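As structure tokens, the structure follows; a few thoughts come after it.
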Amino acid sequence: MRRRLGENSRAVHLPPVPASRQLPIGLPVWRTSAWSFEGSAEYADVLGDRAPGFAYSRVDNPTVAAFASGIAALEGAAAPEDVAGQAFASGMAAVSGVLMTFLRAGAHVVAPAHVYGGTYSLLSNVLSRFGVSVDFVDYADLRRVHAAVRRTTKIIYAETLSNPTMAVADIRGLYRIARDAGALLVVDSTFATPVVCRPLEHGADLVVHSATKYIGGHDDATGGAVVGRPDLIAQIREVRIDTGGALAPDEAFLLRRGLATLTLRVRRMCATAMVFAAAVAKHPAVRRVDYPGLAGHPGHQLARQLFDAGPEGTRYGACVTVVPNGGYEAGVALADTVRLPRIAASIGGAETKVAHVASTTHRRLDEPALAGSGVDAGAVRFSIGLEDAEDLIADVTEALDALRSNTATRA
């Protein structure tokens, strides 16, 4: 007769989870750090990638894998080659994973002058300690990019849409430069999403995302992703395992759920942003509006070539940067006066967010550095959400009217 287990053992060794032949509609959350095996040989084979399966969630997790394959499917819808993906704990973890995979001491990177601040700091302050050099170049003139390339250039880094000027990257032109240099073209497409542009179709080798933004879409999850050719992604996976930037399964569940509504949300946001930008640009208190949907934006024609169109027209992204007359103080006043948008970090959520750029996202840059990046000291970025366009326009118009009135009074 088998010995009866003690009360503590009975509590630990509960009956196994029942198996089901039916597939769940909702994505299961595998909230476990480890899996058990029938024997040591199976454990060794799975851990050594000689057999499919899961062993440890820092290595792989089925919920996380489902998210990674989902974003790869969207980005790779019409890519010329097979596409795989890897998920990370944040967008910066994804960027770090890519750069640490393909750079060594002595390697060189070309990056845009207006690159995201976290990426700038990673290249300038962290990877530089390990012998990696970088040139930050104005991508408006590809001749400057070509001139910056060296024999040691391993990565040309770009952003589909830059923050906050909404500059549009000439992905096809950058691809030709990267190909001739034998370098990888890595594109951060966070601000565009695959609903607006899919850089793999235009020559990019790898695409990175901060999934925290539009992909999650509800300001309740943090994560990142990298997609590209399976051979490149396999190398990135090894570095991700070794450096520990694993995405948690609960976050992966929320981000995968966001993919289902990504197209609906981003299409509406882009349509609202277009109407918002066109209306705000006409206000006498506004000096400039940075939005590629406007004909006067430097990247307008390029965006028409690269970006997707739907029944609503070309999608130009959902962030609009408004530069009021009056400089730094006017920008702060505008951000503080609008009532509907939230003053908050990040972009891509259901609620419109507003940020005075010079005092928040670009606070580390002095005025000359801001000017060098094409950023006005008074610039205010609006990440357009899911509100009615008429409400947003009325709100910002009222704030601009007050700003103009106060300026006239002081004069």
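Just remember, in the structure tokens the first chain shown is A, the second B, etc., residues are 1-based per chain, and ligands are 1-based in the order shown.
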Practice task
as a list in words, please: all residues of region 89-205 of chain A that backbone DSSP puts in strand (DSSP E or B).
Solution key: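 Reading the DSSP output for region 89-205 of chain A, strand (DSSP E or B) covers His108, Val109, Val110, Ala111, Pro112, Ser133, Val134, Asp135, Phe136, Val137, Thr153, Lys154, Ile155, Ile156, Tyr157, Ala158, Glu159, Leu161, Val168, Leu184, Leu185, Val186, Val187 and Asp188 of chain A.
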Writing out the chosen residues with N, CA and C atoms as a short mmCIF file (atom, residue, chain, number, x, y, z; two decimals), in the first residue's frame:
data_model
loop_
_atom_site.label_atom_id
_atom_site.label_comp_id
_atom_site.auth_asym_id
_atom_site.auth_seq_id
_atom_site.Cartn_x
_atom_site.Cartn_y
_atom_site.Cartn_z
N HIS A 108 31.15 50.82 -35.08
CA HIS A 108 30.66 52.18 -35.28
C HIS A 108 29.19 52.14 -35.66
N VAL A 109 28.43 53.13 -35.18
CA VAL A 109 27.00 53.25 -35.45
C VAL A 109 26.73 54.64 -36.04
N VAL A 110 25.85 54.70 -37.01
CA VAL A 110 25.32 55.98 -37.49
C VAL A 110 23.87 56.06 -37.03
N ALA A 111 23.52 57.17 -36.38
CA ALA A 111 22.18 57.35 -35.83
C ALA A 111 21.70 58.77 -36.12
N PRO A 112 20.39 58.99 -36.14
CA PRO A 112 19.88 60.34 -36.41
C PRO A 112 20.15 61.31 -35.27
N SER A 133 31.64 53.44 -31.03
CA SER A 133 31.57 54.85 -31.38
C SER A 133 30.31 55.12 -32.20
N VAL A 134 29.86 56.37 -32.21
CA VAL A 134 28.62 56.73 -32.90
C VAL A 134 28.74 58.12 -33.49
N ASP A 135 28.15 58.31 -34.64
CA ASP A 135 27.98 59.63 -35.24
C ASP A 135 26.49 59.90 -35.34
N PHE A 136 26.06 61.04 -34.78
CA PHE A 136 24.67 61.46 -34.87
C PHE A 136 24.56 62.46 -36.02
N VAL A 137 23.74 62.12 -36.99
CA VAL A 137 23.72 62.82 -38.26
C VAL A 137 22.31 63.31 -38.58
N THR A 153 31.53 50.56 -39.59
CA THR A 153 30.10 50.77 -39.34
C THR A 153 29.35 49.44 -39.41
N LYS A 154 28.70 49.08 -38.33
CA LYS A 154 27.96 47.83 -38.25
C LYS A 154 26.45 48.02 -38.27
N ILE A 155 25.99 49.20 -37.80
CA ILE A 155 24.55 49.45 -37.74
C ILE A 155 24.27 50.88 -38.20
N ILE A 156 23.28 51.01 -39.08
CA ILE A 156 22.67 52.31 -39.36
C ILE A 156 21.30 52.28 -38.70
N TYR A 157 21.09 53.18 -37.78
CA TYR A 157 19.90 53.18 -36.93
C TYR A 157 18.98 54.31 -37.38
N ALA A 158 17.69 54.05 -37.41
CA ALA A 158 16.73 55.06 -37.85
C ALA A 158 15.44 54.95 -37.05
N GLU A 159 14.61 55.96 -37.18
CA GLU A 159 13.28 55.96 -36.59
C GLU A 159 12.28 56.31 -37.69
N LEU A 161 9.30 57.49 -37.60
CA LEU A 161 8.85 58.84 -37.26
C LEU A 161 9.61 59.27 -36.01
N VAL A 168 10.37 62.08 -41.07
CA VAL A 168 10.13 60.78 -41.70
C VAL A 168 11.44 60.23 -42.24
N LEU A 184 23.86 46.58 -40.88
CA LEU A 184 22.44 46.31 -40.65
C LEU A 184 21.68 47.62 -40.57
N LEU A 185 20.49 47.64 -41.15
CA LEU A 185 19.58 48.78 -40.99
C LEU A 185 18.56 48.40 -39.92
N VAL A 186 18.61 49.11 -38.80
CA VAL A 186 17.71 48.87 -37.67
C VAL A 186 16.78 50.06 -37.56
N VAL A 187 15.48 49.82 -37.55
CA VAL A 187 14.49 50.91 -37.54
C VAL A 187 13.59 50.79 -36.32
N ASP A 188 13.55 51.86 -35.54
CA ASP A 188 12.60 51.96 -34.43
C ASP A 188 11.30 52.49 -35.03
#
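The space separating CA of Arg176 (chain A) from CA of Gly131 (chain A) comes to 26.5 Å.
Between Arg256 (chain A) and the residues A:Val29, A:Ala167, A:Val17, A:Val332, the shortest atom-to-atom distance, using only C-alpha atoms, involves A:Val29.
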Problem - Distance in Å - CA of Ser383 (chain A) versus CA of Val320 (chain A) - result: 6.6 Å
Problem - Residue contacts of Asn163 (chain A) (10 Å, only C-alpha atoms) excluding same-chain residues fewer than 5 positions away, as a VMD selection string - result: chain A and resid 114 to 117 191 319 to 321 357 361 to 362 373 375 381
Handout entry: Near-Ile241 (chain A) list (10 Å; only C-alpha atoms; drop same-chain fewer than 6 positions) as JSON, numbers by chain
Key = {"A": [57, 58, 59, 60, 97]}
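Using only C-alpha atoms, the smallest distance between any of A:Asp49, A:Asp391, A:Glu351, A:Asp242 and Thr101 (chain A) comes from A:Asp242.
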Handout entry: Nearest candidate to Leu392 (chain A) (options A:Ala89, A:Ala273, A:Ala309, A:Ala211; using only C-alpha atoms)
Key =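 Nearest candidate to Leu392 (chain A) out of A:Ala89, A:Ala273, A:Ala309, A:Ala211: A:Ala273.
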Exercise for the section: Quote the spacing between CA of Val227 (chain A) and CA of Pro52 (chain A) in Å to one decimal place. Expected result: 20.6 Å
Exercise for the section: Identify which of the residues A:Trp30, A:Tyr214, A:Phe102, A:Tyr56 lies closest to Gln235 (chain A), counting only C-alpha atoms when measuring atom-to-atom distances. Expected result: A:Phe102
